[in-house]
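One structure below.
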Amino acid sequence: MARPDKAAAVAEITDKFRGSSAALLTEYRGLTVKQVKTLRRSLGENAEYAVVKNTLTKIAANEAGISELDDLFAGPTAVAFVTGDPVESAKALRDFAKENPALIIKGGVLDGKALSADEIKKLADLESREVLLAKLAGALKAKPSQAAAVFQALPSKLVRTVDALRDKVEQGGAGTPAPAEDAE
């Protein structure tokens with residue numbers, strides 16, 4: 001029979017897995033308490049970085065329906081439970097790992113799909129959600145503007161051509177065809 005404190009810990013971790021859009025696993029061996037505190041601050045308010053026990057976390061992940069991470073629960077493990085933008089959290093982990101080589105990104109899960117360490121690094125290379133949405137809005141705005149410019153150019157060109165013909169006729173009709181004689 002499981003001890004009540006362990007059952008409560010498993011239930012808490014299961015809730016964190018279910019309530020987060022992503023969970024990023026790291027190995028923190030060799031980091032000082034001060035460095036881990038700095039890492040937690042760099043992840044921001046949309047992620048919670050927790051040092052976890054492998055066996056309890058493995059059970060909790062399986063209860064949450066995530067069995068792809070079983071192989072990653074070896075050695076000292078910490079999990080960043082991300083409730084906000086996973087790209088920002090992946091960037092924070094990547095940047096911290098560059099400055100502190102003791103932090104190793106093991107892998108993770110994003111919206112129920114398992115991610116390798118390389119996939120998390122690729123995720124970190126993406127632009128933030130806000131930047132991508134701004135680019136999309138700019139692209140959507142640009143297309144109607146281009147179409148409006150094309151549609152406006154056609155009547156404008158017609159007006160310029162008619163004006164040029166009128167000027168030519170007013171200047172003595174040079175270049176205008178002579179009326180055809182009646183051949184009777």
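As shown in the structure tokens, the chain order sets the letters A, B, ...; within each chain, residues go from 1, and ligands are also counted from 1 in the order they appear.
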For this session: Extract, using only C-alpha atoms, all DNA, RNA and protein residues at most 8 Å from region 105-121 of chain A, discarding same-chain residues fewer than 4 positions from it, and format them as a ChimeraX atom specification.
Result: /A:21-27,66,68-69,72,86,90-91,93-94,97,125
For this session: Can you check which residues of region 54-107 of chain A DSSP gives as strand (DSSP E) on the backbone and send them as a ChimeraX atom specification?
Result: /A:77-82,104-107
Those selected residues, please, written with all heavy atoms and delivered as a PDB file, in the first residue's frame.
ATOM      1  N   THR A  77      16.644  14.671 -11.850  1.00  0.00           N
ATOM      2  CA  THR A  77      15.721  15.223 -12.841  1.00  0.00           C
ATOM      3  C   THR A  77      14.933  16.389 -12.242  1.00  0.00           C
ATOM      4  O   THR A  77      14.496  16.323 -11.095  1.00  0.00           O
ATOM      5  CB  THR A  77      14.733  14.141 -13.318  1.00  0.00           C
ATOM      6  OG1 THR A  77      15.476  13.042 -13.834  1.00  0.00           O
ATOM      7  CG2 THR A  77      13.802  14.665 -14.396  1.00  0.00           C
ATOM      8  N   ALA A  78      14.779  17.411 -13.071  1.00  0.00           N
ATOM      9  CA  ALA A  78      13.894  18.528 -12.732  1.00  0.00           C
ATOM     10  C   ALA A  78      13.006  18.765 -13.944  1.00  0.00           C
ATOM     11  O   ALA A  78      13.421  18.553 -15.081  1.00  0.00           O
ATOM     12  CB  ALA A  78      14.701  19.772 -12.395  1.00  0.00           C
ATOM     13  N   VAL A  79      11.780  19.203 -13.676  1.00  0.00           N
ATOM     14  CA  VAL A  79      10.815  19.398 -14.744  1.00  0.00           C
ATOM     15  C   VAL A  79      10.338  20.849 -14.725  1.00  0.00           C
ATOM     16  O   VAL A  79      10.003  21.386 -13.676  1.00  0.00           O
ATOM     17  CB  VAL A  79       9.594  18.456 -14.583  1.00  0.00           C
ATOM     18  CG1 VAL A  79       8.604  18.650 -15.718  1.00  0.00           C
ATOM     19  CG2 VAL A  79      10.033  17.019 -14.489  1.00  0.00           C
ATOM     20  N   ALA A  80      10.333  21.452 -15.907  1.00  0.00           N
ATOM     21  CA  ALA A  80       9.740  22.777 -16.065  1.00  0.00           C
ATOM     22  C   ALA A  80       8.325  22.565 -16.597  1.00  0.00           C
ATOM     23  O   ALA A  80       8.143  22.179 -17.749  1.00  0.00           O
ATOM     24  CB  ALA A  80      10.557  23.627 -17.027  1.00  0.00           C
ATOM     25  N   PHE A  81       7.341  22.776 -15.726  1.00  0.00           N
ATOM     26  CA  PHE A  81       5.936  22.664 -16.130  1.00  0.00           C
ATOM     27  C   PHE A  81       5.522  24.020 -16.700  1.00  0.00           C
ATOM     28  O   PHE A  81       5.462  25.016 -15.987  1.00  0.00           O
ATOM     29  CB  PHE A  81       5.062  22.295 -14.933  1.00  0.00           C
ATOM     30  CG  PHE A  81       5.344  20.932 -14.381  1.00  0.00           C
ATOM     31  CD1 PHE A  81       6.090  20.765 -13.227  1.00  0.00           C
ATOM     32  CD2 PHE A  81       4.868  19.800 -15.021  1.00  0.00           C
ATOM     33  CE1 PHE A  81       6.344  19.512 -12.704  1.00  0.00           C
ATOM     34  CE2 PHE A  81       5.122  18.528 -14.513  1.00  0.00           C
ATOM     35  CZ  PHE A  81       5.861  18.385 -13.353  1.00  0.00           C
ATOM     36  N   VAL A  82       5.240  24.056 -18.001  1.00  0.00           N
ATOM     37  CA  VAL A  82       4.972  25.310 -18.708  1.00  0.00           C
ATOM     38  C   VAL A  82       3.474  25.480 -18.891  1.00  0.00           C
ATOM     39  O   VAL A  82       2.811  24.633 -19.484  1.00  0.00           O
ATOM     40  CB  VAL A  82       5.672  25.314 -20.090  1.00  0.00           C
ATOM     41  CG1 VAL A  82       5.437  26.631 -20.798  1.00  0.00           C
ATOM     42  CG2 VAL A  82       7.146  25.017 -19.948  1.00  0.00           C
ATOM     43  N   ILE A 104      21.516  20.038 -18.412  1.00  0.00           N
ATOM     44  CA  ILE A 104      21.341  19.238 -19.621  1.00  0.00           C
ATOM     45  C   ILE A 104      19.848  19.088 -19.878  1.00  0.00           C
ATOM     46  O   ILE A 104      19.098  18.653 -19.004  1.00  0.00           O
ATOM     47  CB  ILE A 104      21.987  17.841 -19.463  1.00  0.00           C
ATOM     48  CG1 ILE A 104      23.487  17.996 -19.231  1.00  0.00           C
ATOM     49  CG2 ILE A 104      21.706  16.981 -20.675  1.00  0.00           C
ATOM     50  CD1 ILE A 104      24.172  16.720 -18.804  1.00  0.00           C
ATOM     51  N   ILE A 105      19.433  19.471 -21.073  1.00  0.00           N
ATOM     52  CA  ILE A 105      18.036  19.300 -21.463  1.00  0.00           C
ATOM     53  C   ILE A 105      17.874  17.871 -21.953  1.00  0.00           C
ATOM     54  O   ILE A 105      18.529  17.444 -22.895  1.00  0.00           O
ATOM     55  CB  ILE A 105      17.639  20.313 -22.556  1.00  0.00           C
ATOM     56  CG1 ILE A 105      17.813  21.734 -22.034  1.00  0.00           C
ATOM     57  CG2 ILE A 105      16.213  20.066 -23.021  1.00  0.00           C
ATOM     58  CD1 ILE A 105      17.625  22.812 -23.073  1.00  0.00           C
ATOM     59  N   LYS A 106      17.008  17.115 -21.294  1.00  0.00           N
ATOM     60  CA  LYS A 106      16.809  15.701 -21.622  1.00  0.00           C
ATOM     61  C   LYS A 106      15.758  15.488 -22.701  1.00  0.00           C
ATOM     62  O   LYS A 106      15.883  14.632 -23.559  1.00  0.00           O
ATOM     63  CB  LYS A 106      16.361  14.926 -20.376  1.00  0.00           C
ATOM     64  CG  LYS A 106      17.378  14.814 -19.284  1.00  0.00           C
ATOM     65  CD  LYS A 106      16.753  14.003 -18.159  1.00  0.00           C
ATOM     66  CE  LYS A 106      17.709  13.686 -17.059  1.00  0.00           C
ATOM     67  NZ  LYS A 106      17.074  12.815 -16.053  1.00  0.00           N
ATOM     68  N   GLY A 107      14.684  16.234 -22.618  1.00  0.00           N
ATOM     69  CA  GLY A 107      13.559  16.053 -23.532  1.00  0.00           C
ATOM     70  C   GLY A 107      12.319  16.624 -22.889  1.00  0.00           C
ATOM     71  O   GLY A 107      12.404  17.376 -21.913  1.00  0.00           O
TER      72      GLY A 107
END
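With CA of Val51 (chain A) on one side and CA of Tyr28 (chain A) on the other, the separation reads 8.6 Å.
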For this session: Based on DSSP run over this structure's backbone, return all residues of chain A in alpha helix (DSSP H), as JSON, numbers by chain.
Result: {"A": [4, 5, 6, 7, 8, 9, 10, 11, 12, 13, 14, 15, 16, 17, 18, 19, 33, 34, 35, 36, 37, 38, 39, 40, 41, 42, 43, 54, 55, 56, 57, 58, 59, 60, 61, 62, 63, 86, 87, 88, 89, 90, 91, 92, 93, 94, 95, 96, 97, 98, 99, 117, 118, 119, 120, 121, 122, 123, 124, 125, 129, 130, 131, 132, 133, 134, 135, 136, 137, 138, 139, 140, 141, 142, 143, 144, 145, 146, 147, 148, 149, 150, 151, 152, 153, 154, 155, 156, 157, 158, 159, 160, 161, 162, 163, 164, 165, 166, 167, 168, 169, 170]}
So that each row is one residue of region 98-157 of chain A with an atom at most 12 Å from region 34-42 of chain A, can you give its shortest atom pair and the distance in Å to one decimal, using only C-alpha atoms, rows by chain and rising number, as a tab-separated table?
residue	atom	partner	partner_atom	distance
A:Glu99	CA	A:Gln35	CA	10.4
A:Asn100	CA	A:Gln35	CA	8.4
A:Pro101	CA	A:Gln35	CA	11.5
A:Ala102	CA	A:Gln35	CA	10.2
A:Leu103	CA	A:Val36	CA	9.4
